[in-house]
Amino acid sequence: MATFNRRAFLLLSGAVVGVGVGRVAWADPAAPLDQPLRALYTALEEAMRTGSTAPFPQRFDALAPVVDRVFDLETVLRVSVGLRWDTMNADARTRLLKTFRRFTVATYVANFDKYDGERFQVLPGARDSGADRIVGTEIVSGNGDHTRLDYVMRSDNGGWRAVDVLLEGSISRVAVQRSDFRKILESCDADALIASLRRKIVDMSDGALNS
């Protein structure tokens, strides 16, 4: 399997979405539907080119604001947690949001840490899915392998943000994440999920991020 294909499956199984503190929309409501995705891919390529020449926390800080802007973070988390979200108190939700954001950004930094000639391209056109729109993209590896990633985009305060990613057009990141999270939440509370995410943050950053 090509390098990026491995990254894509790791990102899906690792619940790669971010949660920012608050809802951040793109400043220009008239901006193209694909603008957030182009910004994300530009940032990822920069992160890959930087690679291990910069410390993990530095790359984390560079990528975090982009992840916050591109994804409708709070919506994705709420859908992934499901009905348990409504039973969590405000403090538990706040702590989960903050930890999940760090986990998300750390996952991107850990997986996009080496440049091997990949090309990121947004495909022309978009298709409707109810009130949402789906934008197709491809990541082309240095040896020519193509990985298809479709982004489900939703209007958010006048801008567009991603609420799901479909690997090869069918494997929903949110669905994978929902299954993983609910296994933990079935028998435990939010603290167990927070603890699990914190352990993964430490592992991915080789201890550079301690929570």
# chains A, B, ... in the order shown; residues from 1 in each chain; ligands from 1

call {"tool": "residues_around", "arguments": {"residues": "A:Thr99", "least_positions_apart": "3", "cutoff": "7 Å", "atoms": "only C-alpha atoms", "output": "PyMOL selection string"}}
result
chain A and resi 95-96+102-103+194+197-198

call {"tool": "write_last_selection", "arguments": {"atoms": "all heavy atoms", "output": "short mmCIF file (atom, residue, chain, number, x, y, z; two decimals), in the first residue's frame"}}
result
data_model
loop_
_atom_site.label_atom_id
_atom_site.label_comp_id
_atom_site.auth_asym_id
_atom_site.auth_seq_id
_atom_site.Cartn_x
_atom_site.Cartn_y
_atom_site.Cartn_z
N ARG A 95 -13.76 19.89 28.58
CA ARG A 95 -12.50 19.16 28.66
C ARG A 95 -12.33 18.21 27.48
O ARG A 95 -11.23 18.05 26.95
CB ARG A 95 -12.42 18.41 29.99
CG ARG A 95 -12.24 19.32 31.18
CD ARG A 95 -12.03 18.57 32.49
NE ARG A 95 -13.21 17.85 32.92
CZ ARG A 95 -13.33 16.53 32.91
NH1 ARG A 95 -12.33 15.77 32.47
NH2 ARG A 95 -14.45 15.94 33.32
N LEU A 96 -13.43 17.58 27.07
CA LEU A 96 -13.35 16.67 25.93
C LEU A 96 -13.03 17.43 24.65
O LEU A 96 -12.21 16.99 23.84
CB LEU A 96 -14.67 15.92 25.78
CG LEU A 96 -14.76 14.92 24.61
CD1 LEU A 96 -13.63 13.90 24.67
CD2 LEU A 96 -16.12 14.24 24.60
N ARG A 102 -6.52 18.74 20.56
CA ARG A 102 -5.08 18.45 20.61
C ARG A 102 -4.78 17.10 19.96
O ARG A 102 -3.79 16.95 19.23
CB ARG A 102 -4.58 18.47 22.06
CG ARG A 102 -4.51 19.87 22.64
CD ARG A 102 -4.10 19.87 24.10
NE ARG A 102 -2.75 19.37 24.33
CZ ARG A 102 -1.65 20.08 24.13
NH1 ARG A 102 -1.71 21.32 23.69
NH2 ARG A 102 -0.46 19.56 24.37
N PHE A 103 -5.63 16.13 20.21
CA PHE A 103 -5.45 14.81 19.61
C PHE A 103 -5.53 14.88 18.09
O PHE A 103 -4.72 14.29 17.37
CB PHE A 103 -6.53 13.86 20.14
CG PHE A 103 -6.69 12.60 19.34
CD1 PHE A 103 -5.74 11.61 19.37
CD2 PHE A 103 -7.81 12.43 18.53
CE1 PHE A 103 -5.89 10.45 18.61
CE2 PHE A 103 -7.96 11.29 17.78
CZ PHE A 103 -7.00 10.29 17.82
N ILE A 194 -11.35 10.93 27.40
CA ILE A 194 -10.32 11.95 27.51
C ILE A 194 -8.97 11.32 27.82
O ILE A 194 -7.95 11.65 27.21
CB ILE A 194 -10.69 12.98 28.59
CG1 ILE A 194 -11.89 13.82 28.13
CG2 ILE A 194 -9.51 13.88 28.93
CD1 ILE A 194 -12.50 14.68 29.22
N LEU A 197 -7.54 9.57 24.71
CA LEU A 197 -7.01 10.52 23.74
C LEU A 197 -5.69 11.12 24.22
O LEU A 197 -4.75 11.31 23.44
CB LEU A 197 -8.03 11.63 23.49
CG LEU A 197 -9.33 11.20 22.82
CD1 LEU A 197 -10.29 12.38 22.70
CD2 LEU A 197 -9.08 10.58 21.45
N ARG A 198 -5.59 11.40 25.51
CA ARG A 198 -4.35 11.97 26.04
C ARG A 198 -3.18 11.00 25.90
O ARG A 198 -2.06 11.41 25.59
CB ARG A 198 -4.55 12.37 27.51
CG ARG A 198 -5.38 13.64 27.68
CD ARG A 198 -5.60 13.98 29.13
NE ARG A 198 -6.25 15.27 29.27
CZ ARG A 198 -6.71 15.76 30.42
NH1 ARG A 198 -6.62 15.03 31.53
NH2 ARG A 198 -7.28 16.95 30.45
#

call {"tool": "residues_around", "arguments": {"residues": "A:Asp132", "least_positions_apart": "6", "cutoff": "9 Å", "atoms": "only C-alpha atoms", "output": "ChimeraX atom specification"}}
result
/A:152-155

call {"tool": "write_last_selection", "arguments": {"atoms": "N, CA and C atoms", "output": "PDB file, in the first residue's frame"}}
result
ATOM      1  N   VAL A 152     -17.356  16.302   2.891  1.00  0.00           N
ATOM      2  CA  VAL A 152     -18.738  16.752   3.017  1.00  0.00           C
ATOM      3  C   VAL A 152     -18.694  18.142   3.642  1.00  0.00           C
ATOM      4  N   MET A 153     -19.116  19.148   2.866  1.00  0.00           N
ATOM      5  CA  MET A 153     -19.013  20.547   3.280  1.00  0.00           C
ATOM      6  C   MET A 153     -20.389  21.073   3.680  1.00  0.00           C
ATOM      7  N   ARG A 154     -20.408  21.879   4.740  1.00  0.00           N
ATOM      8  CA  ARG A 154     -21.666  22.436   5.240  1.00  0.00           C
ATOM      9  C   ARG A 154     -21.491  23.938   5.443  1.00  0.00           C
ATOM     10  N   SER A 155     -22.527  24.683   5.090  1.00  0.00           N
ATOM     11  CA  SER A 155     -22.499  26.127   5.296  1.00  0.00           C
ATOM     12  C   SER A 155     -22.503  26.428   6.787  1.00  0.00           C
TER      13      SER A 155
END

call {"tool": "atom_distance", "arguments": {"atom1": "atom CA of A:Arg49", "atom2": "atom CA of A:Lys114"}}
result
6.3 Å

call {"tool": "closest_atom_pairs", "arguments": {"of": "stretch 171-211 of chain A", "to": "stretch 72-84 of chain A", "cutoff": "8 Å", "atoms": "only C-alpha atoms", "output": "CSV"}}
result
residue,atom,partner,partner_atom,distance
A:Val174,CA,A:Ser80,CA,6.1
A:Ala175,CA,A:Ser80,CA,7.3
A:Gln177,CA,A:Ser80,CA,6.1
A:Arg178,CA,A:Ser80,CA,4.2
A:Ser179,CA,A:Ser80,CA,7.9
A:Phe181,CA,A:Val81,CA,6.4
A:Arg182,CA,A:Val81,CA,6.6
A:Leu185,CA,A:Arg84,CA,7.7

call {"tool": "write_last_selection", "arguments": {"atoms": "N, CA and C atoms", "output": "short mmCIF file (atom, residue, chain, number, x, y, z; two decimals), in the first residue's frame"}}
result
data_model
loop_
_atom_site.label_atom_id
_atom_site.label_comp_id
_atom_site.auth_asym_id
_atom_site.auth_seq_id
_atom_site.Cartn_x
_atom_site.Cartn_y
_atom_site.Cartn_z
N VAL A 174 -16.48 9.89 10.11
CA VAL A 174 -17.35 10.09 11.27
C VAL A 174 -17.92 8.76 11.75
N ALA A 175 -18.29 7.89 10.81
CA ALA A 175 -18.84 6.58 11.20
C ALA A 175 -17.80 5.74 11.92
N GLN A 177 -15.22 6.86 13.55
CA GLN A 177 -14.99 7.51 14.83
C GLN A 177 -16.11 7.23 15.82
N ARG A 178 -17.35 7.27 15.34
CA ARG A 178 -18.50 7.02 16.21
C ARG A 178 -18.42 5.63 16.81
N SER A 179 -18.04 4.64 16.01
CA SER A 179 -17.91 3.28 16.51
C SER A 179 -16.83 3.18 17.59
N PHE A 181 -15.55 5.61 19.52
CA PHE A 181 -15.89 6.36 20.73
C PHE A 181 -16.95 5.66 21.55
N ARG A 182 -17.94 5.11 20.89
CA ARG A 182 -19.04 4.51 21.62
C ARG A 182 -18.61 3.24 22.35
N LEU A 185 -17.45 4.73 25.55
CA LEU A 185 -18.49 5.40 26.32
C LEU A 185 -19.61 4.46 26.78
#

call {"tool": "atom_distance", "arguments": {"atom1": "atom CA of A:Arg148", "atom2": "atom CA of A:Glu168"}}
result
4.7 Å

call {"tool": "residues_around", "arguments": {"residues": "A:Arg161", "least_positions_apart": "2", "cutoff": "10 Å", "atoms": "only C-alpha atoms", "output": "VMD selection string"}}
result
chain A and resid 24 to 26 33 to 37 68 to 73 132 151 to 159 163 to 164

call {"tool": "select_by_dssp", "arguments": {"residues": "stretch 1-202 of chain A", "states": "strand (DSSP E or B)", "output": "MDAnalysis selection string"}}
result
chainID A and resid 71 119:129 132:140 146:156 159:167 171:172

call {"tool": "atom_distance", "arguments": {"atom1": "atom CA of A:Ala92", "atom2": "atom CA of A:Arg199"}}
result
17.6 Å

call {"tool": "residues_around", "arguments": {"residues": "A:Glu138", "least_positions_apart": "3", "cutoff": "10 Å", "atoms": "only C-alpha atoms", "output": "MDAnalysis selection string"}}
result
chainID A and resid 119:123 141 145:150 168

call {"tool": "select_by_dssp", "arguments": {"residues": "stretch 16-174 of chain A", "states": "helix (DSSP H, G or I)", "output": "PyMOL selection string"}}
result
chain A and resi 35-53+56-70+73-81+84-87+90-111+173-174

call {"tool": "residues_around", "arguments": {"residues": "A:Ala106", "least_positions_apart": "4", "cutoff": "10 Å", "atoms": "only C-alpha atoms", "output": "PyMOL selection string"}}
result
chain A and resi 16+18+56-57+59-61+63-64+100-102+110-112+200-205+209
